[in-house]
Structures are given as C-alpha cells and as structure tokens.
>>> print(open('coords-v3.tsv').read())   # TSV, C-alpha atoms
chain	number	residue	atom	x	y	z
A	1	MET	CA	0.59	-7.43	-16.11
A	2	THR	CA	3.66	-5.78	-17.49
A	3	GLY	CA	7.06	-6.46	-16.04
A	4	GLY	CA	7.52	-2.95	-14.65
A	5	LYS	CA	4.32	-3.02	-12.62
A	6	THR	CA	5.05	-6.52	-11.36
A	7	ALA	CA	8.58	-5.56	-10.31
A	8	LEU	CA	7.26	-2.46	-8.55
A	9	HIS	CA	4.72	-4.30	-6.43
A	10	GLN	CA	7.19	-7.07	-5.66
A	11	SER	CA	9.70	-4.54	-4.37
A	12	ALA	CA	6.99	-2.79	-2.33
A	13	LEU	CA	5.69	-5.94	-0.67
A	14	VAL	CA	8.47	-6.97	1.70
A	15	GLY	CA	8.37	-8.11	5.31
A	16	TRP	CA	4.98	-8.54	6.92
A	17	ARG	CA	3.26	-6.78	4.01
A	18	GLY	CA	4.65	-9.38	1.64
A	19	LYS	CA	3.50	-12.21	3.86
A	20	VAL	CA	0.00	-10.73	4.10
A	21	SER	CA	-0.22	-10.20	0.34
A	22	GLU	CA	0.97	-13.74	-0.38
A	23	ALA	CA	-1.58	-15.18	2.05
A	24	LEU	CA	-4.43	-13.14	0.54
A	25	ALA	CA	-3.55	-13.20	-3.17
A	26	GLY	CA	-4.66	-16.77	-3.88
A	27	PRO	CA	-7.98	-16.76	-2.01
A	28	LEU	CA	-8.94	-13.30	-3.28
A	29	SER	CA	-8.05	-14.14	-6.89
A	30	ARG	CA	-10.28	-17.22	-6.72
A	31	ARG	CA	-13.21	-15.14	-5.41
A	32	THR	CA	-12.78	-12.13	-7.72
A	33	PRO	CA	-12.08	-11.64	-11.42
A	34	LEU	CA	-8.57	-10.40	-10.55
A	35	SER	CA	-5.44	-12.48	-11.03
A	36	ALA	CA	-3.13	-13.13	-8.06
A	37	ASP	CA	-0.68	-10.51	-9.40
A	38	GLN	CA	-3.47	-7.95	-9.70
A	39	VAL	CA	-4.52	-8.65	-6.11
A	40	ARG	CA	-0.93	-8.11	-4.97
A	41	ILE	CA	-0.82	-4.80	-6.87
A	42	VAL	CA	-4.06	-3.65	-5.23
A	43	LEU	CA	-2.69	-4.61	-1.82
A	44	ALA	CA	0.61	-2.83	-2.51
A	45	LEU	CA	-1.28	0.33	-3.51
A	46	THR	CA	-3.46	0.03	-0.41
A	47	PHE	CA	-0.43	-0.27	1.86
A	48	PHE	CA	1.21	2.67	0.07
A	49	ALA	CA	-1.89	4.85	0.36
A	50	SER	CA	-2.27	4.10	4.06
A	51	SER	CA	1.39	4.96	4.62
A	52	VAL	CA	1.03	8.27	2.80
A	53	TYR	CA	-2.12	9.05	4.79
A	54	TYR	CA	-0.32	8.28	8.05
A	55	VAL	CA	2.66	10.49	7.19
A	56	VAL	CA	0.48	13.39	6.01
A	57	ALA	CA	-1.72	13.17	9.11
A	58	THR	CA	1.35	13.10	11.36
A	59	VAL	CA	2.91	16.12	9.65
A	60	ARG	CA	-0.40	17.99	9.78
A	61	ARG	CA	-0.72	17.35	13.53
A	62	ALA	CA	2.88	18.44	14.10
A	63	VAL	CA	2.33	21.67	12.17
A	64	ASP	CA	-0.94	22.37	14.01
A	65	ARG	CA	0.70	21.83	17.39
A	66	SER	CA	3.75	23.93	16.58
A	67	GLY	CA	1.70	26.92	15.48
A	68	LEU	CA	3.38	27.06	12.06
A	69	SER	CA	0.02	26.95	10.33
A	70	GLU	CA	-0.94	30.38	11.70
A	71	ALA	CA	-0.06	33.26	9.45
>>> encode(input="coords-v3.tsv", output="structure tokens")
Amino acid sequence: MTGGKTALHQSALVGWRGKVSEALAGPLSRRTPLSADQVRIVLALTFFASSVYYVVATVRRAVDRSGLSEA
C-alpha cells in the first residue's frame, strides 16, 4: 500500500481499535488474499463507517424528537 493510506489507517487505529486490528490482522491475512496492512485498512474503514452511522442516527433521533424535521 502507499505511504499515505498506511499512515491514515495507523492514525485511525488507536486505543482499543488498534488492539483489535492488531489481533485480527495476522489471522485474517493468513486466511484471505489480503495483506495484514490491507486488513487493518478494512478494519479502520469499518470502524469509521460505524462511527459515522452512529453519529448520523443520533442526530436524526435528536431532530425527530425536537420537532425540527417538521416544516
């Protein structure tokens, strides 16, 4: 992978997410055609997507409850 993508996923995988990705990268790369770095990138994107989903769902619920969505 290129340096930019590697740096991005390394900066995104900190704390418990980093520990999970490190624990899963080796076993998953042995069982799939992906390299360990590619597995980490997929995990970083998965964590990012779930975070975005959580924030959007929370904002949507807040707007629905506040009545701001009614015109």
>>> closest_residue(input="coords-v3.tsv", among="A:Leu43, A:Arg61, A:Ser51, A:Ser66", to="Arg17 in chain A", atoms="only C-alpha atoms")
A:Leu43
>>> atom_distance(input="coords-v3.tsv", atom1="CA of Arg40 in chain A", atom2="CA of Glu22 in chain A")
7.5 Å
>>> atom_distance(input="coords-v3.tsv", atom1="CA of Val14 in chain A", atom2="CA of Ala44 in chain A")
9.8 Å
>>> atom_distance(input="coords-v3.tsv", atom1="CA of Leu34 in chain A", atom2="CA of Tyr53 in chain A")
25.6 Å
>>> closest_residue(input="coords-v3.tsv", among="A:Phe47, A:Ala62, A:Asp37, A:Val42", to="Trp16 in chain A", atoms="all atoms listed in the file")
A:Phe47
>>> closest_residue(input="coords-v3.tsv", among="A:Ala57, A:Val39, A:Ala12, A:Val63", to="Gly26 in chain A", atoms="all atoms listed in the file")
A:Val39
